[in-house]
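Text of the file final-v4.txt, holding compact mmCIF, C-alpha atoms and all ligand atoms:
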# COMPACT_ATOMS: atom_id res chain seq x y z
CA MET A 159 -3.91 -15.57 -5.75
CA ASP A 160 -5.49 -13.79 -2.81
CA ALA A 161 -3.47 -12.65 0.22
CA GLU A 162 -4.68 -15.37 2.60
CA LYS A 163 -3.77 -18.17 0.19
CA PHE A 164 -0.42 -16.55 -0.62
CA TRP A 165 0.59 -16.26 3.03
CA ASN A 166 -0.66 -19.75 3.93
CA ASN A 167 1.51 -21.14 1.13
CA ALA A 168 4.45 -18.98 2.22
CA ALA A 169 4.30 -19.79 5.94
CA GLU A 170 6.77 -22.72 6.16
CA LYS A 171 9.38 -20.90 4.08
CA TYR A 172 8.81 -17.63 5.97
CA ALA A 173 9.35 -19.45 9.27
CA LYS A 174 12.72 -20.75 8.07
CA SER A 175 13.92 -17.45 6.59
CA SER A 176 16.54 -15.51 8.51
CA ILE A 177 16.07 -11.97 9.80
CA GLY A 178 17.60 -9.56 7.27
CA ASN A 179 19.71 -7.48 9.63
CA GLU A 180 19.90 -8.91 13.17
CA THR A 181 21.46 -5.75 14.62
CA VAL A 182 18.72 -3.49 13.29
CA TYR A 183 16.04 -5.98 14.37
CA ARG A 184 17.46 -6.01 17.94
CA GLU A 185 17.61 -2.22 18.02
CA LYS A 186 13.96 -2.05 16.98
CA LEU A 187 13.01 -4.60 19.66
CA ASP A 188 14.86 -2.52 22.26
CA ALA A 189 13.21 0.70 21.07
CA THR A 190 9.78 -0.97 21.28
CA GLN A 191 10.37 -2.35 24.76
CA LYS A 192 10.74 1.17 26.15
CA TYR A 193 6.96 1.43 25.65
CA PHE A 194 6.13 -1.70 27.68
CA ASN A 195 5.54 -2.37 31.34
CA ALA A 196 4.29 -5.40 33.25
CA GLU A 197 0.67 -4.22 32.85
CA SER A 198 0.82 -3.58 29.10
CA VAL A 199 -1.90 -5.13 26.95
CA VAL A 200 -0.57 -5.41 23.41
CA LEU A 201 -2.08 -6.14 20.00
CA GLU A 202 0.03 -7.29 17.06
CA LEU A 203 -1.65 -7.05 13.64
CA GLY A 204 -0.10 -9.28 10.95
CA CYS A 205 2.08 -11.14 13.46
CA GLY A 206 3.33 -13.77 11.01
CA THR A 207 4.90 -16.68 12.90
CA GLY A 208 4.82 -14.72 16.15
CA THR A 209 8.59 -14.20 16.52
CA THR A 210 8.32 -10.61 17.73
CA SER A 211 5.34 -11.18 20.03
CA ILE A 212 7.08 -14.17 21.63
CA HIS A 213 10.18 -12.06 22.14
CA HIS A 214 8.24 -9.27 23.89
CA ALA A 215 5.91 -11.52 25.88
CA PRO A 216 7.96 -11.76 29.12
CA LEU A 217 7.83 -7.96 29.49
CA VAL A 218 4.06 -7.44 29.24
CA LYS A 219 0.77 -8.67 30.65
CA HIS A 220 -0.73 -10.05 27.43
CA ILE A 221 -0.27 -9.96 23.66
CA LEU A 222 -3.05 -10.72 21.20
CA ALA A 223 -1.23 -11.76 18.03
CA THR A 224 -3.39 -11.73 14.89
CA ASP A 225 -2.78 -12.63 11.28
CA ILE A 226 -4.72 -13.40 8.11
CA SER A 227 -2.93 -16.75 7.77
CA ASN A 228 -3.80 -19.75 9.92
CA SER A 229 -0.62 -21.48 8.74
CA MET A 230 1.48 -18.62 10.13
CA LEU A 231 -0.52 -18.68 13.38
CA ASP A 232 -0.12 -22.45 13.81
CA ILE A 233 3.66 -22.04 13.64
CA GLY A 234 3.41 -19.16 16.13
CA ARG A 235 1.33 -21.27 18.53
CA SER A 236 3.80 -24.15 18.52
CA ARG A 237 6.78 -21.76 18.90
CA ALA A 238 5.12 -20.06 21.88
CA LYS A 239 4.43 -23.45 23.46
CA GLU A 240 8.02 -24.57 22.89
CA ALA A 241 9.28 -21.33 24.47
CA GLY A 242 6.98 -21.77 27.48
CA ILE A 243 5.18 -18.52 26.70
CA GLY A 244 1.62 -18.49 28.05
CA ASN A 245 0.60 -14.86 27.63
CA VAL A 246 0.40 -14.66 23.84
CA SER A 247 -2.96 -15.57 22.25
CA PHE A 248 -3.08 -16.18 18.53
CA GLN A 249 -6.21 -15.25 16.57
CA GLN A 250 -7.02 -15.41 12.87
CA ALA A 251 -8.12 -11.95 11.72
CA THR A 252 -7.29 -9.51 9.00
CA VAL A 253 -6.36 -5.95 9.76
CA GLU A 254 -9.59 -5.05 8.01
CA ASN A 255 -11.99 -7.36 9.90
CA PHE A 256 -10.36 -7.44 13.37
CA GLU A 257 -12.77 -6.20 16.02
CA SER A 258 -12.29 -5.22 19.63
CA ASP A 259 -13.60 -2.54 21.96
CA PRO A 260 -12.17 0.94 21.40
CA SER A 261 -9.30 1.89 23.72
CA SER A 262 -8.47 -1.76 24.46
CA PHE A 263 -4.69 -1.75 23.98
CA ASP A 264 -1.66 0.05 25.41
CA VAL A 265 0.52 -0.74 22.39
CA VAL A 266 -0.37 -1.84 18.85
CA LEU A 267 2.39 -3.40 16.73
CA VAL A 268 2.10 -3.19 12.93
CA LEU A 269 5.36 -4.63 11.64
CA ASN A 270 6.00 -5.22 7.95
CA ILE A 271 2.29 -5.16 7.20
CA LEU A 272 1.08 -1.62 6.39
CA HIS A 273 2.51 -1.88 2.83
CA LEU A 274 0.29 -4.94 2.31
CA ILE A 275 -2.94 -3.21 3.23
CA ASP A 276 -5.18 -1.78 0.49
CA ASP A 277 -6.51 1.10 2.56
CA LEU A 278 -3.68 2.49 4.69
CA ASP A 279 -5.67 5.39 6.17
CA THR A 280 -8.56 3.20 7.33
CA ALA A 281 -6.12 0.71 8.89
CA VAL A 282 -4.23 3.44 10.75
CA LYS A 283 -7.46 5.06 12.00
CA LYS A 284 -8.66 1.66 13.20
CA ALA A 285 -5.41 1.00 15.05
CA SER A 286 -5.67 4.46 16.59
CA LYS A 287 -9.21 3.74 17.79
CA LEU A 288 -8.06 0.47 19.39
CA LEU A 289 -5.36 2.29 21.37
CA LYS A 290 -5.98 3.65 24.84
CA PRO A 291 -5.40 7.41 25.10
CA GLY A 292 -1.69 7.73 25.80
CA GLY A 293 -1.03 4.43 24.00
CA PHE A 294 1.51 3.83 21.24
CA LEU A 295 1.49 2.37 17.74
CA VAL A 296 4.82 0.90 16.65
CA THR A 297 5.46 0.31 12.97
CA SER A 298 8.25 -0.92 10.78
CA THR A 299 7.10 -0.42 7.20
CA PRO A 300 9.02 -1.04 3.97
CA CYS A 301 8.58 2.19 2.00
CA LEU A 302 8.94 0.83 -1.52
CA GLY A 303 7.55 4.11 -2.87
CA ASP A 304 10.74 5.89 -1.79
CA VAL A 305 13.13 3.59 -3.65
CA LEU A 306 14.91 5.48 -6.46
CA PHE A 307 14.93 3.84 -9.92
CA ASN A 308 12.19 1.65 -8.56
CA TYR A 309 12.87 -1.81 -9.97
CA TYR A 310 10.32 -3.22 -7.49
CA ARG A 311 7.60 -1.80 -9.75
CA ILE A 312 8.74 -4.21 -12.46
CA LEU A 313 9.92 -7.09 -10.29
CA ILE A 314 6.90 -7.41 -7.99
CA PRO A 315 4.25 -7.67 -10.77
CA LEU A 316 6.40 -10.37 -12.43
CA LEU A 317 6.74 -12.28 -9.15
CA ARG A 318 2.99 -11.85 -8.61
CA LEU A 319 2.33 -13.55 -11.94
CA LEU A 320 4.41 -16.49 -10.70
CA GLY A 321 2.60 -16.50 -7.34
CA LYS A 322 5.84 -15.57 -5.57
CA ALA A 323 4.90 -12.14 -4.20
CA PRO A 324 1.87 -10.89 -2.27
CA PRO A 325 -0.16 -7.84 -3.31
CA VAL A 326 1.94 -4.86 -2.14
CA HIS A 327 1.63 -1.08 -2.13
CA TYR A 328 4.45 1.34 -2.90
CA VAL A 329 4.07 3.35 0.31
CA LYS A 330 6.18 6.46 0.88
CA ARG A 331 7.41 7.47 4.32
CA SER A 332 5.72 10.85 3.84
CA GLU A 333 2.39 9.06 3.22
CA LEU A 334 2.81 7.07 6.42
CA GLU A 335 3.52 10.22 8.40
CA ARG A 336 0.53 11.99 6.83
CA SER A 337 -1.71 9.01 7.61
CA PHE A 338 -0.61 9.04 11.26
CA ALA A 339 -1.22 12.79 11.51
CA ASP A 340 -4.69 12.42 9.93
CA ALA A 341 -5.52 9.78 12.56
CA GLY A 342 -4.47 12.20 15.31
CA LEU A 343 -1.30 10.24 16.14
CA GLU A 344 1.86 12.12 17.08
CA ILE A 345 5.39 10.92 16.31
CA ASP A 346 7.17 9.97 19.54
CA PHE A 347 10.26 8.27 18.11
CA GLN A 348 11.67 7.37 14.72
CA ARG A 349 14.87 5.83 13.47
CA PRO A 350 16.56 8.15 11.01
CA PRO A 351 15.66 7.09 7.44
CA ALA A 352 18.33 4.72 6.11
CA LYS A 353 18.75 3.21 2.65
CA GLY A 354 17.23 -0.26 2.43
CA GLU A 355 15.73 -0.06 5.92
CA ALA A 356 12.02 -0.17 6.67
CA ALA A 357 10.65 3.00 8.29
CA PHE A 358 10.56 2.44 12.06
CA ILE A 359 8.21 4.94 13.67
CA VAL A 360 6.46 5.06 17.05
CA VAL A 361 3.39 7.29 17.28
CA LYS A 362 1.39 8.27 20.33
CA LYS A 363 -2.36 8.66 20.75
CA PRO A 364 -2.68 11.87 22.75
CA ILE A 365 -4.43 11.68 26.13
C1 LIG A 401 5.91 -9.68 5.79
S1 LIG A 401 4.98 -10.66 6.91
C2 LIG A 401 5.38 -9.86 8.46
C3 LIG A 401 5.14 -10.73 9.65
C4 LIG A 401 5.61 -10.13 10.98
N1 LIG A 401 4.85 -8.95 11.33
C5 LIG A 401 7.07 -9.81 10.88
O1 LIG A 401 7.44 -8.64 10.96
O2 LIG A 401 7.86 -10.76 10.74
C6 LIG A 401 3.35 -10.09 6.63
C7 LIG A 401 2.31 -10.81 7.45
O3 LIG A 401 1.08 -10.12 7.30
C8 LIG A 401 0.04 -11.05 7.12
N2 LIG A 401 -1.02 -10.36 6.37
C9 LIG A 401 -1.04 -10.04 5.06
N3 LIG A 401 -2.15 -9.33 4.77
C10 LIG A 401 -2.84 -9.22 5.94
C11 LIG A 401 -4.07 -8.61 6.31
N4 LIG A 401 -4.83 -7.96 5.41
N5 LIG A 401 -4.48 -8.70 7.59
C12 LIG A 401 -3.73 -9.37 8.51
N6 LIG A 401 -2.56 -9.97 8.22
C13 LIG A 401 -2.12 -9.90 6.95
C14 LIG A 401 0.68 -12.22 6.41
O4 LIG A 401 -0.01 -13.42 6.62
C15 LIG A 401 2.07 -12.25 7.03
O5 LIG A 401 2.11 -13.07 8.16

Let me see the structure of the file written as structure tokens.
Amino acid sequence: MDAEKFWNNAAEKYAKSSIGNETVYREKLDATQKYFNAESVVLELGCGTGTTSIHHAPLVKHILATDISNSMLDIGRSRAKEAGIGNVSFQQATVENFESDPSSFDVVLVLNILHLIDDLDTAVKKASKLLKPGGFLVTSTPCLGDVLFNYYRILIPLLRLLGKAPPVHYVKRSELERSFADAGLEIDFQRPPAKGEAAFIVVKKPI
């Protein structure tokens, strides 16, 4: 099953699922919001059902929330409407085919998506190009490549056979950091690595 079909099928269930660790999620939202102001123009790649974009919307000028899955986006659109949020636009696009002028965004959010992308380096370089000089990329990325005694390497292929897992990559935190450095992005903030927690890193595009 390809990624678009998988995520369209998964959308309803994903929308109903609870956030793993509310406290950590809130802390990440707070850490992200330090990079916003009322003039910020934000891009979210792989926005899912738009929960995070809708949360941040009152603090910024505009958020363009994109995702491969129209089913995810439809849920995001109705949630934004219900919440009375008018400054989030939802657009179907993959990380790979999304196009916009260079230096268009103050902040790019890539949350729980970089481990799903086949070509990490190209995606990071693209996000870097889309950022204005002085802008920030915020990521939270499950680093399945760092898990010791990595049962995911057995579990995920089995779940894939059953159509219950998307294509994933076993990214290591060190690979993420190297990819950011190769794209000319400098680490501005990171949560200390913690067992079972996705890597939360904010990188800056130098001026
Ligand atoms: C694990 S969910 C994360 C959603 C959201 N960012 C969050 O943190 O809740 C991954 C999302 O990425 C989307 N996705 C998967 N592959 C993608 C791609 N190549 N380009 C854009 N979106 C993609 C899926 O449709 C899904 O909504």

Write out as a VMD selection string each polymer residue (protein, DNA or RNA) that has an atom no more than 10 Å from ligand LIG 401 (chain A), with all atoms listed in the file counted.
-> chain A and resid 160 to 169 172 to 173 175 177 183 202 to 211 223 to 231 250 to 256 267 to 277 281 297 to 300 324 to 326

Contact check, region 217-306 of chain A to region 332-349 of chain A, at most 9 Å, counting all atoms listed in the file, closest pairs as CSV:
residue,atom,partner,partner_atom,distance
A:Leu272,CA,A:Leu334,CA,8.9
A:Leu278,CA,A:Ser337,CA,7.4
A:Asp279,CA,A:Ser337,CA,5.6
A:Thr280,CA,A:Ala341,CA,8.9
A:Val282,CA,A:Phe338,CA,6.7
A:Lys283,CA,A:Ala341,CA,5.1
A:Lys284,CA,A:Ala341,CA,8.7
A:Ser286,CA,A:Ala341,CA,6.7
A:Lys287,CA,A:Ala341,CA,8.8
A:Phe294,CA,A:Asp346,CA,8.5
A:Leu295,CA,A:Leu343,CA,8.5
A:Thr299,CA,A:Leu334,CA,8.7
A:Cys301,CA,A:Leu334,CA,8.8

Requested write-out: C-alpha atoms of the selected residues, as a PDB file, keeping the file's coordinate frame:
ATOM      1  CA  LEU A 272       1.080  -1.620   6.390  1.00  0.00           C
ATOM      2  CA  LEU A 278      -3.680   2.490   4.690  1.00  0.00           C
ATOM      3  CA  ASP A 279      -5.670   5.390   6.170  1.00  0.00           C
ATOM      4  CA  THR A 280      -8.560   3.200   7.330  1.00  0.00           C
ATOM      5  CA  VAL A 282      -4.230   3.440  10.750  1.00  0.00           C
ATOM      6  CA  LYS A 283      -7.460   5.060  12.000  1.00  0.00           C
ATOM      7  CA  LYS A 284      -8.660   1.660  13.200  1.00  0.00           C
ATOM      8  CA  SER A 286      -5.670   4.460  16.590  1.00  0.00           C
ATOM      9  CA  LYS A 287      -9.210   3.740  17.790  1.00  0.00           C
ATOM     10  CA  PHE A 294       1.510   3.830  21.240  1.00  0.00           C
ATOM     11  CA  LEU A 295       1.490   2.370  17.740  1.00  0.00           C
ATOM     12  CA  THR A 299       7.100  -0.420   7.200  1.00  0.00           C
ATOM     13  CA  CYS A 301       8.580   2.190   2.000  1.00  0.00           C
TER      14      CYS A 301
END

Do you have the CA of Gly244 (chain A)-CA of His214 (chain A) distance handy?
->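 The value is 12.1 Å.
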
Residue with smallest distance to Leu187 (chain A) - pool A:Leu313, A:Val360, A:Gly234, A:His327, counting only C-alpha atoms | A:Val360

Which polymer residues have any atom within 6 Å of an atom of Lys363 (chain A), counting only C-alpha atoms, with same-chain residues fewer than 3 positions away left out, as a PyMOL selection string?
-> chain A and resi 291-293+343

Save the residues we just selected, C-alpha atoms, as a compact mmCIF listing (two decimals), keeping the file's coordinate frame?
# COMPACT_ATOMS: atom_id res chain seq x y z
CA PRO A 291 -5.40 7.41 25.10
CA GLY A 292 -1.69 7.73 25.80
CA GLY A 293 -1.03 4.43 24.00
CA LEU A 343 -1.30 10.24 16.14

Just how far from CA of Leu222 (chain A) is CA of Arg235 (chain A), in Å to one decimal?
->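 Between CA of Arg235 (chain A) and CA of Leu222 (chain A) the gap is 11.7 Å.
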
Would you work out the distance separating CA of Pro216 (chain A) from CA of Val265 (chain A), expressed in Å to one decimal?
->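 Between CA of Pro216 (chain A) and CA of Val265 (chain A) the gap works out to 14.9 Å.
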
Selection near Asp304 (chain A), 8 Å with all atoms listed in the file, sequence-local residues under 3 positions removed, as a list in words |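 With the cut-off at 8 Å, the set is Cys301, Tyr328, Val329, Lys330 and Arg331 of chain A.
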
Limited to C-alpha atoms, could you put the picked residues into a file as a CSV table (one decimal), in the coordinates of the input?
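again.csv was written with the following content:
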chain,number,residue,atom,x,y,z
A,301,CYS,CA,8.6,2.2,2.0
A,328,TYR,CA,4.4,1.3,-2.9
A,329,VAL,CA,4.1,3.4,0.3
A,330,LYS,CA,6.2,6.5,0.9
A,331,ARG,CA,7.4,7.5,4.3

Can you work out which one of A:Ala323, A:Val296, A:Leu201, A:Ile314 has the shortest atom-to-atom distance to Ala189 (chain A), counting only C-alpha atoms?
->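 Closest to Ala189 (chain A) of all the choices is A:Val296.
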
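For Asn195 (chain A), the residues within 7 Å (counting all atoms listed in the file, excluding itself and residues fewer than 3 positions away along the chain) are Ser198, Leu217 and Val218 of chain A.
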
When distances are computed from all atoms listed in the file, which of A:Arg311, A:Ser262, A:Asp188, A:Val305 shows the smallest separation from Ala356 (chain A)?
->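 Closest candidate: A:Val305.
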
Coordinates of box centre and edge lengths for region 297-311 of chain A, 8 Å on every side, axis-aligned, as AutoDock Vina command-line options:
--center_x 10.2 --center_y 1.3 --center_z 1.5 --size_x 25.5 --size_y 25.1 --size_z 38.9
